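Source file: work-v5.txt (compact mmCIF, C-alpha atoms)
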# COMPACT_ATOMS: atom_id res chain seq x y z
CA MET A 1 8.17 29.40 -15.63
CA GLU A 2 4.86 30.72 -14.30
CA LEU A 3 1.79 28.63 -13.61
CA SER A 4 -1.74 29.62 -14.54
CA PRO A 5 -4.43 29.42 -11.82
CA SER A 6 -6.09 26.50 -13.62
CA GLU A 7 -2.78 24.58 -13.72
CA ALA A 8 -2.29 25.28 -10.01
CA ARG A 9 -5.84 24.12 -9.26
CA HIS A 10 -5.29 20.94 -11.25
CA ALA A 11 -2.02 20.22 -9.39
CA LEU A 12 -3.72 20.78 -6.02
CA ARG A 13 -6.52 18.40 -7.00
CA GLU A 14 -3.89 15.77 -7.85
CA VAL A 15 -2.20 16.29 -4.49
CA ASP A 16 -5.52 15.87 -2.65
CA GLU A 17 -6.44 12.74 -4.59
CA ILE A 18 -3.06 11.06 -4.06
CA THR A 19 -2.98 12.04 -0.37
CA LEU A 20 -6.40 10.43 0.10
CA ARG A 21 -5.27 7.26 -1.73
CA SER A 22 -2.03 7.09 0.27
CA ASN A 23 -3.84 7.58 3.58
CA ARG A 24 -6.36 4.89 2.67
CA LEU A 25 -3.62 2.39 1.85
CA ARG A 26 -1.86 3.29 5.10
CA GLY A 27 -5.10 2.73 7.01
CA TYR A 28 -5.64 -0.72 5.48
CA ARG A 29 -2.07 -1.80 6.11
CA THR A 30 -2.18 -0.60 9.71
CA SER A 31 -5.52 -2.34 10.27
CA SER A 32 -4.34 -5.67 8.87
CA SER A 33 -2.21 -6.72 11.88
CA TYR A 34 -5.03 -5.86 14.32
CA LEU A 35 -7.55 -7.83 12.24
CA ILE A 36 -5.30 -10.89 12.04
CA LEU A 37 -4.70 -10.81 15.80
CA TRP A 38 -8.39 -10.44 16.67
CA GLY A 39 -9.36 -12.99 14.03
CA ILE A 40 -7.16 -15.58 15.76
CA ILE A 41 -8.62 -14.59 19.14
CA TRP A 42 -12.18 -15.04 17.86
CA LEU A 43 -11.33 -18.37 16.28
CA VAL A 44 -9.73 -19.65 19.49
CA GLY A 45 -12.40 -18.14 21.79
CA TYR A 46 -15.54 -19.34 20.01
CA SER A 47 -13.97 -22.71 19.07
CA SER A 48 -13.14 -23.25 22.76
CA MET A 49 -16.74 -22.45 23.69
CA PHE A 50 -17.90 -25.09 21.22
CA PHE A 51 -15.34 -27.83 21.86
CA LEU A 52 -14.81 -27.22 25.60
CA PRO A 53 -18.32 -26.36 26.83
CA THR A 54 -17.42 -27.17 30.43
CA LEU A 55 -14.83 -24.40 30.53
CA SER A 56 -16.18 -21.04 31.76
CA ALA A 57 -16.84 -18.72 28.79
CA ASN A 58 -16.14 -15.71 31.03
CA LEU A 59 -12.70 -17.09 31.88
CA ILE A 60 -11.89 -17.86 28.23
CA TRP A 61 -12.79 -14.34 27.13
CA LEU A 62 -11.13 -12.65 30.09
CA VAL A 63 -7.82 -14.31 29.14
CA LEU A 64 -8.26 -13.84 25.37
CA ASP A 65 -9.34 -10.20 25.64
CA GLY A 66 -6.28 -9.54 27.82
CA VAL A 67 -4.06 -11.16 25.20
CA GLY A 68 -5.81 -9.18 22.44
CA LEU A 69 -5.45 -5.89 24.25
CA ALA A 70 -1.76 -6.46 25.03
CA GLY A 71 -1.16 -7.61 21.45
CA SER A 72 -2.91 -4.51 20.06
CA VAL A 73 -0.72 -2.24 22.15
CA LEU A 74 2.37 -4.14 20.94
CA ILE A 75 1.28 -3.79 17.31
CA GLY A 76 0.83 -0.07 17.94
CA MET A 77 4.36 0.11 19.37
CA ARG A 78 5.80 -1.68 16.33
CA THR A 79 3.80 0.26 13.76
CA PHE A 80 4.06 3.78 15.14
CA ARG A 81 7.59 4.43 16.27
CA ALA A 82 7.31 8.20 16.62
CA GLY A 83 6.47 9.07 20.23
CA GLU A 84 3.49 11.34 19.66
CA ASP A 85 1.79 9.01 17.14
CA LEU A 86 2.33 5.97 19.34
CA LYS A 87 0.79 7.64 22.38
CA LYS A 88 -2.26 8.76 20.38
CA VAL A 89 -2.80 5.36 18.80
CA ASN A 90 -2.49 3.42 22.04
CA VAL A 91 -4.83 5.82 23.84
CA ARG A 92 -7.34 5.35 21.00
CA ILE A 93 -7.04 1.55 21.13
CA LEU A 94 -7.70 1.55 24.88
CA ALA A 95 -10.55 4.06 24.49
CA VAL A 96 -12.28 2.06 21.71
CA PHE A 97 -11.86 -1.16 23.71
CA ALA A 98 -13.30 0.48 26.83
CA ILE A 99 -16.25 2.04 24.95
CA VAL A 100 -17.20 -1.18 23.14
CA THR A 101 -16.83 -3.27 26.33
CA LEU A 102 -18.88 -0.84 28.44
CA PHE A 103 -21.55 -0.61 25.75
CA MET A 104 -21.80 -4.40 25.57
CA LEU A 105 -21.94 -4.82 29.35
CA ALA A 106 -24.60 -2.11 29.67
CA THR A 107 -26.82 -3.46 26.90
CA LEU A 108 -26.43 -7.05 28.13
CA LYS A 109 -27.55 -5.88 31.57
CA VAL A 110 -30.69 -4.12 30.36
CA MET A 111 -31.67 -6.89 27.96
CA GLN A 112 -31.99 -9.56 30.66
CA PRO A 113 -33.14 -12.29 30.65
CA MET A 114 -31.17 -13.69 27.70
CA HIS A 115 -30.46 -17.27 26.71
CA ALA A 116 -27.01 -18.67 25.85
CA ALA A 117 -27.32 -18.27 22.07
CA GLN A 118 -28.19 -14.59 22.44
CA TYR A 119 -25.07 -14.08 24.60
CA GLU A 120 -22.99 -15.79 21.95
CA VAL A 121 -24.26 -13.89 18.92
CA TYR A 122 -24.41 -10.44 20.51
CA PRO A 123 -20.64 -9.62 20.41
CA ALA A 124 -20.56 -10.57 16.72
CA LEU A 125 -23.38 -8.13 15.98
CA VAL A 126 -21.63 -5.35 17.92
CA LEU A 127 -18.44 -6.11 15.98
CA GLY A 128 -20.42 -5.95 12.74
CA LEU A 129 -21.82 -2.55 13.73
CA THR A 130 -18.34 -1.24 14.66
CA TYR A 131 -16.83 -2.39 11.36
CA GLY A 132 -19.77 -1.01 9.42
CA LEU A 133 -19.19 2.43 10.95
CA ILE A 134 -15.44 2.26 10.25
CA GLY A 135 -16.35 1.33 6.67
CA VAL A 136 -18.77 4.21 6.18
CA PHE A 137 -16.49 6.87 7.64
CA PHE A 138 -12.96 5.69 6.84
CA LEU A 139 -12.16 2.51 4.92
CA ARG A 140 -14.78 1.03 2.58
CA GLY A 141 -13.33 -2.49 2.80
CA PHE A 142 -14.64 -2.73 6.37
CA VAL A 143 -18.24 -2.63 5.08
CA TRP A 144 -17.69 -6.07 3.52
CA LEU A 145 -16.23 -7.38 6.76
CA ALA A 146 -19.24 -6.00 8.65
CA ALA A 147 -21.63 -7.65 6.20
CA VAL A 148 -19.96 -11.08 6.42
CA VAL A 149 -19.66 -11.01 10.23
CA SER A 150 -23.24 -9.78 10.81
CA LEU A 151 -25.02 -11.89 8.19
CA GLY A 152 -22.97 -15.00 8.98
CA SER A 153 -23.72 -14.68 12.69
CA LEU A 154 -27.42 -13.92 12.17
CA LEU A 155 -27.97 -16.81 9.77
CA SER A 156 -26.16 -19.13 12.19
CA PHE A 157 -28.32 -17.84 15.05
CA PHE A 158 -31.55 -18.58 13.22
CA PHE A 159 -30.66 -21.74 11.31
CA LEU A 160 -27.59 -23.37 12.89
CA GLN A 161 -28.03 -22.67 16.58
CA PRO A 162 -26.57 -25.98 17.87
CA TRP A 163 -23.29 -25.05 16.13
CA LEU A 164 -23.50 -21.31 16.81
CA PRO A 165 -20.11 -20.79 18.57
CA LEU A 166 -18.36 -22.76 15.83
CA CYS A 167 -20.15 -20.78 13.08
CA ILE A 168 -19.20 -17.46 14.74
CA ALA A 169 -15.61 -18.71 15.05
CA VAL A 170 -15.60 -19.36 11.30
CA PHE A 171 -17.60 -16.32 10.12
CA GLY A 172 -16.30 -13.83 12.68
CA GLY A 173 -12.74 -15.04 13.22
CA GLY A 174 -12.34 -16.30 9.67
CA SER A 175 -13.52 -13.09 8.02
CA LEU A 176 -11.23 -10.99 10.25
CA LEU A 177 -8.29 -13.21 9.32
CA VAL A 178 -9.07 -13.19 5.59
CA GLY A 179 -9.76 -9.44 5.70
CA GLY A 180 -6.48 -8.81 7.51
CA VAL A 181 -4.46 -10.84 5.02
CA TRP A 182 -6.22 -9.13 2.09
CA MET A 183 -5.50 -5.66 3.53
CA ARG A 184 -1.84 -6.58 4.06
CA ARG A 185 -1.50 -7.45 0.37
CA LEU A 186 -3.01 -4.17 -0.89
CA MET B 1 5.62 34.95 -3.55
CA ALA B 2 7.53 31.64 -3.56
CA ALA B 3 8.95 30.27 -6.81
CA LEU B 4 7.84 27.22 -8.75
CA ASN B 5 9.78 24.08 -7.84
CA GLU B 6 10.35 22.52 -11.26
CA VAL B 7 11.64 19.24 -9.84
CA ILE B 8 8.44 18.64 -7.87
CA HIS B 9 5.98 20.17 -10.32
CA GLN B 10 6.20 17.39 -12.95
CA SER B 11 2.93 15.43 -12.62
CA LEU B 12 4.28 12.02 -11.54
CA ARG B 13 6.92 13.53 -9.24
CA LEU B 14 4.20 15.63 -7.59
CA LYS B 15 2.16 12.44 -7.03
CA ILE B 16 5.18 10.62 -5.59
CA MET B 17 5.89 13.49 -3.20
CA ALA B 18 2.21 13.73 -2.15
CA ALA B 19 2.03 9.97 -1.49
CA LEU B 20 5.18 10.02 0.62
CA HIS B 21 4.17 13.22 2.41
CA ALA B 22 0.97 11.51 3.63
CA HIS B 23 3.18 9.21 5.71
CA THR B 24 5.02 10.28 8.85
CA ALA B 25 8.76 10.98 8.88
CA SER B 26 9.51 7.53 10.31
CA GLU B 27 7.41 5.65 7.76
CA ALA B 28 8.55 4.52 4.33
CA LEU B 29 6.52 3.26 1.35
CA GLU B 30 7.44 0.19 -0.66
CA PHE B 31 8.06 0.64 -4.37
CA ILE B 32 5.04 -1.56 -5.20
CA ALA B 33 2.71 0.46 -2.95
CA LEU B 34 3.96 3.70 -4.49
CA ARG B 35 3.38 2.27 -7.98
CA LYS B 36 -0.22 1.38 -7.01
CA ILE B 37 -0.95 4.79 -5.50
CA THR B 38 0.49 6.79 -8.39
CA GLY B 39 -0.63 4.44 -11.18
CA ALA B 40 2.83 4.66 -12.79
CA THR B 41 4.76 1.95 -14.63
CA ASP B 42 7.92 0.44 -13.08
CA GLY B 43 10.31 2.18 -15.50
CA ASN B 44 8.64 5.57 -15.30
CA LEU B 45 8.44 5.47 -11.52
CA GLY B 46 12.08 4.39 -11.23
CA SER B 47 13.37 7.23 -13.39
CA HIS B 48 11.39 9.90 -11.52
CA LEU B 49 12.51 8.46 -8.18
CA THR B 50 16.10 8.86 -9.36
CA THR B 51 15.46 12.53 -10.18
CA LEU B 52 13.93 13.13 -6.74
CA GLU B 53 16.77 11.27 -5.03
CA GLN B 54 19.37 13.33 -6.88
CA ALA B 55 17.58 16.49 -5.72
CA GLY B 56 17.89 15.20 -2.13
CA TYR B 57 14.10 15.01 -1.65
CA ILE B 58 13.76 11.27 -1.08
CA GLU B 59 15.89 8.40 0.14
CA THR B 60 15.63 4.75 -0.79
CA ALA B 61 16.59 1.69 1.23
CA LYS B 62 16.86 -1.80 -0.19
CA ALA B 63 16.25 -4.84 2.00
CA PHE B 64 15.18 -8.47 1.77
CA VAL B 65 11.79 -9.26 3.32
CA ASP B 66 10.76 -12.96 3.28
CA LYS B 67 13.67 -13.57 0.87
CA LYS B 68 12.23 -11.04 -1.61
CA PRO B 69 14.01 -7.78 -2.47
CA GLN B 70 12.11 -4.73 -1.31
CA THR B 71 12.79 -1.06 -1.99
CA ARG B 72 11.45 1.33 0.60
CA ILE B 73 11.19 5.03 -0.14
CA SER B 74 10.77 7.93 2.26
CA LEU B 75 10.90 11.72 2.16
CA THR B 76 13.95 13.49 3.51
CA ARG B 77 13.49 16.49 5.78
CA GLU B 78 14.48 18.68 2.83
CA GLY B 79 11.92 16.90 0.63
CA ARG B 80 9.14 17.41 3.17
CA ARG B 81 9.96 21.12 3.40
CA ALA B 82 10.18 21.53 -0.40
CA PHE B 83 6.83 19.78 -0.91
CA ARG B 84 5.09 21.99 1.65
CA GLU B 85 6.55 25.10 0.02
CA HIS B 86 5.43 23.94 -3.41
CA VAL B 87 1.87 23.30 -2.22
CA ALA B 88 1.84 26.70 -0.52
CA TYR B 89 2.98 28.25 -3.82
CA LEU B 90 0.14 26.50 -5.71
CA LYS B 91 -2.40 27.70 -3.15
CA GLU B 92 -1.06 31.23 -3.39
CA ILE B 93 -1.61 31.27 -7.16
CA VAL B 94 -5.20 30.08 -6.76
CA GLU B 95 -5.92 32.55 -3.96
CA LEU B 96 -4.47 35.47 -5.95
CA ALA B 97 -6.60 34.53 -8.95
CA GLU B 98 -9.71 34.38 -6.78
CA GLY B 99 -8.85 37.79 -5.28
CA ARG B 100 -8.61 36.51 -1.70

Before anything else, please render the file you have as structure tokens.
Amino acid sequence: MELSPSEARHALREVDEITLRSNRLRGYRTSSSYLILWGIIWLVGYSSMFFLPTLSANLIWLVLDGVGLAGSVLIGMRTFRAGEDLKKVNVRILAVFAIVTLFMLATLKVMQPMHAAQYEVYPALVLGLTYGLIGVFFLRGFVWLAAVVSLGSLLSFFFLQPWLPLCIAVFGGGSLLVGGVWMRRL
Amino acid sequence: MAALNEVIHQSLRLKIMAALHAHTASEALEFIALRKITGATDGNLGSHLTTLEQAGYIETAKAFVDKKPQTRISLTREGRRAFREHVAYLKEIVELAEGR
């Protein structure tokens, strides 16, 4: 049996389309564990800031970020068993974490003086930006996450400032958790 | 020029192979995920998976996850090689037709 060029073209188009769909599903499933982990960290971190205001926010986040980073590396080790993939993924996780942290520290420094509410809402906006970019370039579902995190945090900043850390815990942490569970079920 | 692989060329089997090929050698896809990606029905997907398994291109593993039965499917080394050859064959036909 011989194939015509148009049949071959059609088959190649099908391969491309299915490869894209399969990669997208893989991306969502891989992201889900990271989102659930960081959703819990946000919930715990911002809730602690609200309910335990005497505790140092820097200390809370130093511990929680450490837990999050170690957890992310562990998820990478469980998800990507092949040596080369694992190394690449873990290097990327560390690189993204370092870039986002450095960016936040640098911008916080140049935007002084800032009041407490600005400090609280700023990480949520950076997270919204990061997810928005992931959504535009890779996985569309992240655009919705970005929208919920950013809008929820902004509205809380302007209209619910006394409860801001609690609102960010719910909007930020909650949307990461819900998003992670939704992506796992895809 | 390579020959047409008639096992892989059938439309749904080509989709199954492409979906599995997008994953690394150590990763498997669940039956439900494969059904979503290919848009096939349970029965149709099952029968084409059997054909691919008999050809030695895929392997299936059954397990219980959260007390629910789960079938996980992955490409064999032979399947990965056969799929790459088939795609190369398709590209060759297109390139010849375009005079490249």

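CA of Ala82 in chain B to CA of His48 in chain B spans 16.1 Å [interatomic distance, one decimal].
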
**Message:** Can you tell me which residues surround Leu3 in chain A at a distance of at most 9 Å, considering all atoms listed in the file, apart from same-chain residues fewer than 3 positions away, and format the answer as a PyMOL selection string?
**Reply:** (chain A and resi 6-8) or (chain B and resi 4+90+93)

Need to verify the contact set: Arg21 in chain A, 8 Å, only C-alpha atoms, exclusion of same-chain residues closer than 4 positions in sequence. Can you return it as a PDB file with C-alpha atoms, keeping the file's coordinate frame?
ATOM      1  CA  GLU A  17      -6.440  12.740  -4.590  1.00  0.00           C
ATOM      2  CA  LEU A  25      -3.620   2.390   1.850  1.00  0.00           C
TER       3      LEU A  25
ATOM      4  CA  ALA B  19       2.030   9.970  -1.490  1.00  0.00           C
ATOM      5  CA  ILE B  37      -0.950   4.790  -5.500  1.00  0.00           C
TER       6      ILE B  37
END

**Request:** Record the distance separating CA of Val96 in chain A and CA of Gly128 in chain A, expressed in Å with one decimal.
**Result:**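 One can read the CA of Val96 in chain A to CA of Gly128 in chain A distance as 14.5 Å.
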
**Prompt:** When the cut-off is 8 Å and we count all atoms listed in the file, which residues of chain B are near chain A, given as a PyMOL selection string?
**Reply:** chain B and resi 4+11+14-15+18-23+26+33+37-38+87+90-91+93-94+97

**One-decimal distance in Å that lies between CA of Phe159 in chain A and CA of Ile36 in chain A** =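 A separation of 27.6 Å between them.
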
**Complete:** From the list A:Ala95, A:Met114, A:Val100, A:Leu64, the nearest residue to Leu43 in chain A using all atoms listed in the file is A:Leu64

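Residues in contact with Cys167 in chain A at up to 8 Å, not including ones fewer than 6 positions away on its chain and judged by all atoms listed in the file, are Gly152, Ser153, Ser156 and Leu160 of chain A.
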
**Item:** Within 10 Å of Val170 in chain A using all atoms listed in the file, minus same-chain residues under 6 positions, as a PyMOL selection string
**Value:** chain A and resi 39+42-43+46-47+149+152-153+164+176-177

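Among B:Leu96, B:Leu75, B:Glu27, B:Ile16, the residue with the shortest atom-to-atom distance to Gly56 in chain B, counting all atoms listed in the file, is B:Leu75.
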
Extract, using all atoms listed in the file, all DNA, RNA and protein residues at most 9 Å from Arg72 in chain B, discarding same-chain residues fewer than 2 positions from it, and format them as a PDB file with C-alpha atoms, in the frame of the given file.
ATOM      1  CA  ALA B  28       8.550   4.520   4.330  1.00  0.00           C
ATOM      2  CA  LEU B  29       6.520   3.260   1.350  1.00  0.00           C
ATOM      3  CA  GLU B  30       7.440   0.190  -0.660  1.00  0.00           C
ATOM      4  CA  PHE B  31       8.060   0.640  -4.370  1.00  0.00           C
ATOM      5  CA  GLU B  59      15.890   8.400   0.140  1.00  0.00           C
ATOM      6  CA  THR B  60      15.630   4.750  -0.790  1.00  0.00           C
ATOM      7  CA  ALA B  61      16.590   1.690   1.230  1.00  0.00           C
ATOM      8  CA  LYS B  62      16.860  -1.800  -0.190  1.00  0.00           C
ATOM      9  CA  ALA B  63      16.250  -4.840   2.000  1.00  0.00           C
ATOM     10  CA  GLN B  70      12.110  -4.730  -1.310  1.00  0.00           C
ATOM     11  CA  SER B  74      10.770   7.930   2.260  1.00  0.00           C
TER      12      SER B  74
END

**Asked** Restricting the calculation to all atoms listed in the file, which member of B:Val7, B:Ala88, B:Ile58, B:Ile73 is positioned closest to Leu34 in chain B?
**Response** B:Ile73

**Message:** Given the point (-3.5, -11.6, 14.4) in the coordinates of this file, which residues lie within 7 Å, counting all atoms listed in the file, and how would they look as a ChimeraX atom specification?
**Reply:** /A:33-40
